[in-house]
$ cat entry.tsv   # TSV, C-alpha atoms (C1' of nucleotides)
chain	number	residue	atom	x	y	z
A	93	MET	CA	37.11	76.73	96.43
A	94	PRO	CA	40.62	77.94	96.04
A	95	VAL	CA	40.57	80.90	98.32
A	96	ARG	CA	38.55	80.73	101.46
A	97	LYS	CA	37.49	84.26	102.13
A	98	GLY	CA	37.20	87.44	100.19
A	99	THR	CA	38.79	89.92	102.49
A	100	CYS	CA	40.33	92.60	100.36
A	101	SER	CA	38.33	91.72	97.28
A	102	ASP	CA	36.96	95.21	97.14
A	103	SER	CA	39.60	96.89	95.04
A	104	GLU	CA	39.05	100.19	96.82
A	105	SER	CA	39.40	98.83	100.35
A	106	CYS	CA	42.72	97.71	101.77
A	107	GLY	CA	44.29	100.99	100.73
A	108	HIS	CA	47.15	99.95	103.00
A	109	SER	CA	48.57	97.74	100.28
A	110	LEU	CA	48.44	100.53	97.75
A	111	GLN	CA	50.19	102.87	100.17
A	112	ARG	CA	52.98	100.38	100.64
A	113	LEU	CA	53.33	99.90	96.93
A	114	ALA	CA	53.53	103.66	96.50
A	115	LYS	CA	56.38	103.80	99.00
A	116	PHE	CA	58.14	100.99	97.22
A	117	ILE	CA	57.74	102.48	93.76
A	118	GLY	CA	58.17	106.07	94.79
A	119	ASP	CA	55.23	107.54	92.96
A	120	SER	CA	51.61	107.26	94.03
A	121	GLU	CA	50.16	107.43	90.54
A	122	GLU	CA	52.57	104.85	89.16
A	123	ALA	CA	51.70	102.60	92.08
A	124	ARG	CA	48.06	102.76	91.15
A	125	SER	CA	48.76	101.78	87.57
A	126	LYS	CA	51.19	99.08	88.69
A	127	ALA	CA	48.46	97.64	90.89
A	128	HIS	CA	46.09	97.55	87.99
A	129	SER	CA	48.56	95.86	85.71
A	130	LEU	CA	49.33	93.33	88.43
A	131	GLN	CA	45.66	92.50	88.78
A	132	ALA	CA	45.33	92.13	85.03
A	133	LEU	CA	48.38	89.90	84.95
A	134	MET	CA	46.92	87.70	87.67
A	135	LYS	CA	43.70	87.32	85.74
A	136	ARG	CA	45.68	85.88	82.86
A	137	ILE	CA	47.82	83.74	85.15
A	138	ASP	CA	44.83	82.23	86.91
A	139	GLN	CA	43.90	80.25	83.83
A	140	GLY	CA	43.68	76.62	84.86
A	141	THR	CA	45.21	77.19	88.28
A	142	GLU	CA	42.32	75.48	90.02
A	143	GLU	CA	42.79	72.25	88.15
A	144	GLU	CA	46.54	72.29	88.54
A	145	VAL	CA	46.16	72.70	92.29
A	146	ASP	CA	43.92	69.64	92.31
A	147	ILE	CA	46.67	67.63	90.68
A	148	PHE	CA	49.24	68.81	93.18
A	149	ARG	CA	46.89	68.09	96.05
A	150	ALA	CA	46.60	64.54	94.81
A	151	LEU	CA	50.39	64.31	94.72
A	152	ALA	CA	50.87	65.94	98.11
A	153	ASP	CA	50.48	62.88	100.26
A	154	PRO	CA	53.10	60.25	101.06
A	155	CYS	CA	50.75	57.31	100.59
A	156	ARG	CA	49.61	58.53	97.22
A	157	LEU	CA	53.07	59.40	95.99
A	158	ARG	CA	54.21	55.94	97.03
A	159	ILE	CA	51.34	54.41	95.11
A	160	LEU	CA	52.26	56.35	91.99
A	161	LYS	CA	55.89	55.33	92.28
A	162	LEU	CA	54.82	51.74	92.72
A	163	LEU	CA	52.60	51.91	89.65
A	164	GLN	CA	55.61	53.01	87.63
A	165	GLU	CA	56.56	49.34	87.86
A	166	GLY	CA	53.34	48.18	86.23
A	167	GLU	CA	49.77	47.25	87.03
A	168	PHE	CA	48.81	46.22	90.56
A	169	CYS	CA	45.84	44.80	92.35
A	170	VAL	CA	44.45	46.62	95.42
A	171	CYS	CA	45.50	43.70	97.60
A	172	GLU	CA	49.07	44.13	96.43
A	173	ILE	CA	49.02	47.88	96.97
A	174	MET	CA	47.72	47.38	100.51
A	175	ILE	CA	50.70	45.21	101.30
A	176	ALA	CA	53.15	47.55	99.63
A	177	LEU	CA	51.83	50.52	101.60
A	178	ASP	CA	51.28	48.56	104.78
A	179	ARG	CA	47.93	50.33	105.25
A	180	PRO	CA	44.45	49.00	105.87
A	181	GLN	CA	42.17	48.36	102.95
A	182	SER	CA	39.82	51.30	103.45
A	183	SER	CA	42.70	53.74	103.57
A	184	THR	CA	44.32	52.28	100.48
A	185	SER	CA	41.07	52.36	98.60
A	186	HIS	CA	40.48	55.95	99.59
A	187	HIS	CA	43.82	57.11	98.23
A	188	LEU	CA	43.28	55.19	95.03
A	189	SER	CA	39.97	56.92	94.51
A	190	ILE	CA	41.57	60.33	94.97
A	191	LEU	CA	44.28	59.51	92.47
A	192	LYS	CA	41.67	58.30	90.05
A	193	SER	CA	39.56	61.43	90.45
A	194	ALA	CA	42.61	63.52	89.71
A	195	GLY	CA	43.10	61.56	86.52
A	196	LEU	CA	46.50	60.24	87.54
A	197	ILE	CA	45.65	56.54	87.50
A	198	LYS	CA	43.20	54.24	85.79
A	199	GLU	CA	41.27	51.24	87.00
A	200	ARG	CA	40.55	48.01	85.25
A	201	ARG	CA	38.24	45.45	86.74
A	202	GLU	CA	38.99	41.77	86.40
A	203	GLY	CA	36.46	39.61	88.17
A	204	LYS	CA	36.37	40.79	91.73
A	205	TRP	CA	39.80	42.31	91.50
A	206	SER	CA	40.52	45.93	90.69
A	207	LEU	CA	43.77	46.56	88.88
A	208	TYR	CA	45.30	50.02	88.84
A	209	ARG	CA	47.89	51.56	86.53
A	210	LEU	CA	49.26	55.00	85.74
A	211	SER	CA	47.02	56.83	83.34
A	212	ASP	CA	49.78	58.52	81.47
A	213	GLY	CA	53.50	59.06	81.01
A	214	ALA	CA	53.06	62.67	82.07
A	215	VAL	CA	52.55	61.47	85.62
A	216	ILE	CA	55.99	59.91	85.58
A	217	GLU	CA	57.41	63.10	84.15
A	218	ILE	CA	56.05	65.24	86.93
A	219	ILE	CA	57.37	62.89	89.59
A	220	ASN	CA	60.78	62.83	87.99
A	221	GLN	CA	60.82	66.62	87.84
A	222	SER	CA	60.10	66.80	91.55
A	223	ARG	CA	62.94	64.39	92.20
A	224	LEU	CA	65.28	66.60	90.21
A	225	LEU	CA	64.11	69.65	92.08
A	226	GLU	CA	64.59	67.92	95.39
A	227	GLU	CA	68.08	66.77	94.53
A	228	GLU	CA	69.13	70.19	93.31
A	229	ALA	CA	67.89	71.77	96.49
A	230	LYS	CA	69.82	69.22	98.52
A	231	THR	CA	73.11	69.94	96.76
A	232	ARG	CA	72.67	73.68	97.09
A	233	ALA	CA	71.76	73.81	100.75
A	234	PRO	CA	72.31	71.14	103.39
A	235	ILE	CA	68.86	71.21	104.90
A	236	ARG	CA	65.73	72.39	103.20
A	237	ARG	CA	62.94	70.52	104.89
A	238	ARG	CA	60.79	72.56	107.20
A	239	ASP	CA	60.59	70.72	110.46
B	78	MET	CA	56.24	62.07	109.29
B	79	PRO	CA	54.84	60.66	106.11
B	80	VAL	CA	52.50	58.12	107.53
B	81	ARG	CA	50.56	58.87	110.64
B	82	LYS	CA	50.16	55.58	112.36
B	83	GLY	CA	51.85	52.24	112.28
B	84	THR	CA	48.93	49.92	112.16
B	85	CYS	CA	50.05	46.90	110.24
B	86	SER	CA	53.74	47.62	110.59
B	87	ASP	CA	54.30	44.26	112.15
B	88	SER	CA	54.93	42.19	109.06
B	89	GLU	CA	53.43	39.14	110.69
B	90	SER	CA	50.19	40.78	111.80
B	91	CYS	CA	47.49	41.76	109.35
B	92	GLY	CA	47.58	38.32	107.89
B	93	HIS	CA	44.34	39.30	106.18
B	94	SER	CA	46.29	41.11	103.50
B	95	LEU	CA	48.50	38.12	102.89
B	96	GLN	CA	45.48	35.86	102.63
B	97	ARG	CA	43.97	38.11	100.01
B	98	LEU	CA	47.19	38.20	98.07
B	99	ALA	CA	47.34	34.42	98.18
B	100	LYS	CA	43.86	34.24	96.69
B	101	PHE	CA	44.85	36.68	93.98
B	102	ILE	CA	48.06	34.91	93.08
B	103	GLY	CA	46.77	31.41	93.60
B	104	ASP	CA	49.63	30.07	95.66
B	105	SER	CA	50.21	30.78	99.33
B	106	GLU	CA	53.97	30.43	99.21
B	107	GLU	CA	54.32	32.61	96.16
B	108	ALA	CA	52.16	35.21	97.86
B	109	ARG	CA	54.54	35.32	100.78
B	110	SER	CA	57.53	35.88	98.54
B	111	LYS	CA	55.60	38.42	96.48
B	112	ALA	CA	54.83	40.32	99.67
B	113	HIS	CA	58.49	40.37	100.59
B	114	SER	CA	59.57	41.59	97.19
B	115	LEU	CA	56.90	44.27	97.31
B	116	GLN	CA	58.20	45.46	100.65
B	117	ALA	CA	61.75	45.52	99.33
B	118	LEU	CA	60.62	47.43	96.28
B	119	MET	CA	58.89	50.00	98.46
B	120	LYS	CA	62.03	50.48	100.47
B	121	ARG	CA	63.84	51.46	97.31
B	122	ILE	CA	60.97	53.58	96.09
B	123	ASP	CA	60.75	55.52	99.32
B	124	GLN	CA	64.07	57.20	98.64
B	125	GLY	CA	63.43	60.92	98.76
B	126	THR	CA	59.66	60.55	98.87
B	127	GLU	CA	59.44	62.71	101.97
B	128	GLU	CA	61.07	65.66	100.29
B	129	GLU	CA	59.10	65.27	97.11
B	130	VAL	CA	55.88	65.30	99.08
B	131	ASP	CA	57.00	68.54	100.68
B	132	ILE	CA	57.42	70.03	97.23
B	133	PHE	CA	53.97	68.93	96.14
B	134	ARG	CA	52.46	70.16	99.38
B	135	ALA	CA	53.96	73.56	98.70
B	136	LEU	CA	52.44	73.50	95.22
B	137	ALA	CA	49.05	72.28	96.41
B	138	ASP	CA	47.58	75.63	97.31
B	139	PRO	CA	46.05	78.19	94.96
B	140	CYS	CA	47.73	81.17	96.60
B	141	ARG	CA	51.14	79.57	96.35
B	142	LEU	CA	50.68	78.38	92.81
B	143	ARG	CA	49.61	81.89	91.87
B	144	ILE	CA	52.71	83.30	93.51
B	145	LEU	CA	54.93	80.93	91.56
B	146	LYS	CA	53.24	81.79	88.32
B	147	LEU	CA	53.63	85.46	89.11
B	148	LEU	CA	57.32	85.01	89.84
B	149	GLN	CA	57.77	83.55	86.39
B	150	GLU	CA	57.52	87.17	85.30
B	151	GLY	CA	60.45	88.25	87.42
B	152	GLU	CA	61.33	89.41	90.91
B	153	PHE	CA	58.68	90.94	93.10
B	154	CYS	CA	58.45	92.71	96.43
B	155	VAL	CA	56.09	91.36	99.12
B	156	CYS	CA	53.98	94.48	98.81
B	157	GLU	CA	53.48	93.74	95.12
B	158	ILE	CA	52.65	90.11	95.76
B	159	MET	CA	50.07	91.10	98.37
B	160	ILE	CA	48.29	93.22	95.78
B	161	ALA	CA	48.55	90.59	93.09
B	162	LEU	CA	47.04	87.95	95.38
B	163	ASP	CA	44.61	90.34	97.03
B	164	ARG	CA	45.45	88.80	100.40
B	165	PRO	CA	46.48	90.32	103.71
B	166	GLN	CA	50.14	90.68	104.49
B	167	SER	CA	50.38	87.92	107.09
B	168	SER	CA	48.83	85.41	104.75
B	169	THR	CA	51.07	86.41	101.87
B	170	SER	CA	54.13	86.22	104.05
B	171	HIS	CA	53.11	82.83	105.34
B	172	HIS	CA	52.81	81.38	101.85
B	173	LEU	CA	56.12	82.88	100.82
B	174	SER	CA	57.83	81.23	103.77
B	175	ILE	CA	56.39	77.83	102.84
B	176	LEU	CA	57.57	78.22	99.26
B	177	LYS	CA	60.99	79.21	100.52
B	178	SER	CA	61.21	76.25	102.88
B	179	ALA	CA	60.36	73.94	100.02
B	180	GLY	CA	63.23	75.46	98.06
B	181	LEU	CA	60.99	76.76	95.29
B	182	ILE	CA	61.74	80.45	95.70
B	183	LYS	CA	64.56	82.63	96.98
B	184	GLU	CA	64.58	85.82	98.94
B	185	ARG	CA	66.76	88.87	98.56
B	186	ARG	CA	66.63	91.68	101.03
B	187	GLU	CA	66.97	95.27	99.87
B	188	GLY	CA	66.64	97.73	102.71
B	189	LYS	CA	63.38	96.97	104.39
B	190	TRP	CA	62.00	95.33	101.30
B	191	SER	CA	62.07	91.61	100.65
B	192	LEU	CA	62.27	90.61	97.02
B	193	TYR	CA	61.34	87.12	95.94
B	194	ARG	CA	62.17	85.17	92.79
B	195	LEU	CA	61.94	81.60	91.56
B	196	SER	CA	64.87	79.56	92.73
B	197	ASP	CA	65.14	77.51	89.60
B	198	GLY	CA	63.80	76.81	86.13
B	199	ALA	CA	62.78	73.36	87.27
B	200	VAL	CA	59.95	74.96	89.19
B	201	ILE	CA	58.53	76.29	85.95
B	202	GLU	CA	58.96	72.90	84.35
B	203	ILE	CA	56.96	71.15	86.99
B	204	ILE	CA	54.13	73.65	86.70
B	205	ASN	CA	54.07	73.30	82.94
B	206	GLN	CA	53.92	69.53	83.29
B	207	SER	CA	50.92	69.83	85.53
B	208	ARG	CA	49.24	72.04	82.96
B	209	LEU	CA	49.86	69.41	80.30
B	210	LEU	CA	48.48	66.71	82.55
B	211	GLU	CA	45.43	68.76	83.31
B	212	GLU	CA	44.76	69.49	79.65
B	213	GLU	CA	45.15	65.86	78.66
B	214	ALA	CA	42.75	64.76	81.33
B	215	LYS	CA	40.26	67.36	80.17
B	216	THR	CA	40.32	66.13	76.57
B	217	ARG	CA	39.93	62.52	77.65
B	218	ALA	CA	37.07	62.95	80.08
B	219	PRO	CA	34.66	65.86	80.38
B	220	ILE	CA	34.86	66.35	84.11
B	221	ARG	CA	37.64	65.28	86.37
B	222	ARG	CA	37.53	67.62	89.32
B	223	ARG	CA	36.38	66.02	92.50
B	224	ASP	CA	33.68	68.12	94.06
C	261	DC	C1'	19.47	31.93	96.86
C	262	DT	C1'	23.23	31.84	100.14
C	263	DT	C1'	27.97	32.33	101.22
C	264	DA	C1'	32.41	34.13	100.58
C	265	DT	C1'	35.36	37.62	99.28
C	266	DA	C1'	37.36	41.99	97.01
C	267	DT	C1'	36.66	46.65	96.96
C	268	DA	C1'	34.12	50.98	97.78
C	269	DT	C1'	31.86	54.01	100.77
C	270	DC	C1'	30.35	55.83	105.27
C	271	DG	C1'	31.11	58.08	109.62
C	272	DA	C1'	33.36	60.06	113.38
C	273	DA	C1'	37.62	61.19	115.62
C	274	DA	C1'	42.11	63.17	115.06
C	275	DA	C1'	45.51	65.66	112.53
C	276	DT	C1'	46.72	69.09	109.34
C	277	DG	C1'	46.66	73.40	107.15
C	278	DG	C1'	44.92	78.16	105.85
C	279	DT	C1'	43.34	82.61	107.64
C	280	DG	C1'	43.93	87.14	109.39
C	281	DG	C1'	44.45	90.12	113.47
C	282	DA	C1'	47.92	91.09	116.86
C	283	DT	C1'	52.51	91.29	117.87
C	284	DA	C1'	57.58	90.96	117.25
C	285	DC	C1'	61.45	92.09	114.61
C	286	DA	C1'	64.28	94.73	111.40
C	287	DA	C1'	65.58	98.65	108.88
C	288	DT	C1'	65.13	103.48	107.77
C	289	DC	C1'	64.45	108.08	109.08
C	290	DA	C1'	63.94	112.13	112.14
D	136	DT	C1'	66.90	107.68	120.85
D	137	DG	C1'	62.26	107.29	119.24
D	138	DA	C1'	58.96	106.95	115.40
D	139	DT	C1'	57.70	104.85	111.19
D	140	DT	C1'	57.24	101.20	108.16
D	141	DG	C1'	57.89	96.59	105.73
D	142	DT	C1'	57.96	91.85	106.81
D	143	DA	C1'	57.92	87.71	109.74
D	144	DT	C1'	55.94	85.21	113.38
D	145	DC	C1'	52.38	84.01	116.78
D	146	DC	C1'	47.90	82.58	117.85
D	147	DA	C1'	43.21	80.99	117.90
D	148	DC	C1'	39.63	79.76	114.88
D	149	DC	C1'	37.79	77.18	111.32
D	150	DA	C1'	37.78	74.15	107.13
D	151	DT	C1'	39.67	70.37	105.04
D	152	DT	C1'	41.82	65.94	105.00
D	153	DT	C1'	43.39	61.60	106.80
D	154	DT	C1'	42.53	57.48	109.18
D	155	DC	C1'	40.35	53.19	110.09
D	156	DG	C1'	36.49	50.37	111.71
D	157	DA	C1'	31.94	49.30	110.16
D	158	DT	C1'	28.98	48.76	106.54
D	159	DA	C1'	27.49	48.53	101.70
D	160	DT	C1'	28.18	46.93	97.03
D	161	DA	C1'	29.69	43.78	93.55
D	162	DT	C1'	31.27	39.56	91.77
D	163	DA	C1'	32.04	34.74	92.01
D	164	DA	C1'	31.16	30.16	93.76
D	165	DG	C1'	28.40	26.54	95.89

$ encode --input "entry.tsv" --output "structure tokens"
Amino acid sequence: MPVRKGTCSDSESCGHSLQRLAKFIGDSEEARSKAHSLQALMKRIDQGTEEEVDIFRALADPCRLRILKLLQEGEFCVCEIMIALDRPQSSTSHHLSILKSAGLIKERREGKWSLYRLSDGAVIEIINQSRLLEEEAKTRAPIRRRD
Amino acid sequence: MPVRKGTCSDSESCGHSLQRLAKFIGDSEEARSKAHSLQALMKRIDQGTEEEVDIFRALADPCRLRILKLLQEGEFCVCEIMIALDRPQSSTSHHLSILKSAGLIKERREGKWSLYRLSDGAVIEIINQSRLLEEEAKTRAPIRRRD
DNA sequence: CTTATATATCGAAAATGGTGGATACAATCA
DNA sequence: TGATTGTATCCACCATTTTCGATATATAAG
């Protein structure tokens, strides 16, 4: 469920938006066609968005990002990850299962121990990109974090 | 605030974890030193994690990801974005402000209109990486989405 | 089979985050 | 100055997510 409610789904309702667009563009007829082309564009854009959001959701938690960064160093047992995170076992396990569902890590069982590792180099890439982005933002403006 | 509670923060409490680690490693003394090195490693790893999580949080919403993908096509007015998303104005504005706080987009005011654009090519890169990751996961396993 | 132990899952409370109407603010126009 | 209009912010409601103790499951050992 990406979007929780369908409020203005009816393309004829919410004429407010169209009015605004008409003011912005200058012509009412052009606004209408612009709106249509925007909706068509979004249909194309929406390809795969759902799944990408799932990946970002998995990345959007400090515990999980820390786990991923840790796993850059190799393969770790749950009991090691618990200590690294300084979190209780159930919490650690929960985050690991979310990362696994998102396809970011893989599990290997060895006796009663579960060993986790990154599933792919692409995971590292995406983390590195975010680091770059963060550093760029920092050099451009002193403070970027919201609260 | 990355981590909500400090449960086992006291490095001496939660000896359970250390016990487990000792079982895993085989030696109690080695476990202790392993725990310390893990904690030191995490300290290094945690550099910038906060900010990176903020970036992923900003990306972890379908509306916002759609906005970013739209902005790949150029600069857009809020009234256009509203129509593209098919969302009310307050919601659209809210998402734009989160993206701006995360440093992913930039605003330019022109009269009473606010125009938004991507702040950087790195944003596109990170989205493309996620697409790659998603496609790889799909080819490896049939279904990856959690619920 | 029983015990011990490593991890996963459950469940309920708390925190977080999205939503959209109402309102505030800003800029243009009359 | 007052009216209009585009956008931002506020607010309460609701859905999702996180957290962690308790419990279940799985594997090994006795």

$ residues_around --input "entry.tsv" --residues "region 125-128 of chain A" --least-positions-apart "4" --cutoff "7 Å" --atoms "all atoms listed in the file" --output "ChimeraX atom specification"
/A:121,132 /B:160

$ closest_residue --input "entry.tsv" --among "A:Gly213, A:Pro154, A:Gly195, A:Gly166" --to "chain D" --atoms "all atoms listed in the file"
A:Pro154

$ interface_residues --input "entry.tsv" --of "chain C" --to "chain A" --cutoff "8 Å" --atoms "all atoms listed in the file" --output "PDB file with C-alpha atoms (C1' of nucleotides), keeping the file's coordinate frame"
ATOM      1  C1'  DA C 266      37.360  41.990  97.010  1.00  0.00           C
ATOM      2  C1'  DT C 267      36.660  46.650  96.960  1.00  0.00           C
ATOM      3  C1'  DA C 268      34.120  50.980  97.780  1.00  0.00           C
TER       4       DA C 268
END

$ interface_residues --input "entry.tsv" --of "chain A" --to "chain B" --cutoff "7 Å" --atoms "all atoms listed in the file" --output "ChimeraX atom specification"
/A:94-95,100-101,109,112-113,127,130-131,134,137-138,141-145,148-149,151-154,158,161,171-172,175-176,178-179,193-195,214,218,221-223,225-226,229,236-238

$ interface_residues --input "entry.tsv" --of "chain D" --to "chain B" --cutoff "12 Å" --atoms "all atoms listed in the file" --output "ChimeraX atom specification"
/D:139-145,153-155

$ atom_distance --input "entry.tsv" --atom1 "C1' of DA150 (chain D)" --atom2 "C1' of DG281 (chain C)"
18.4 Å

$ atom_distance --input "entry.tsv" --atom1 "CA of Ser183 (chain A)" --atom2 "C1' of DT158 (chain D)"
14.9 Å

$ atom_distance --input "entry.tsv" --atom1 "CA of Leu191 (chain A)" --atom2 "CA of Arg209 (chain A)"
10.6 Å
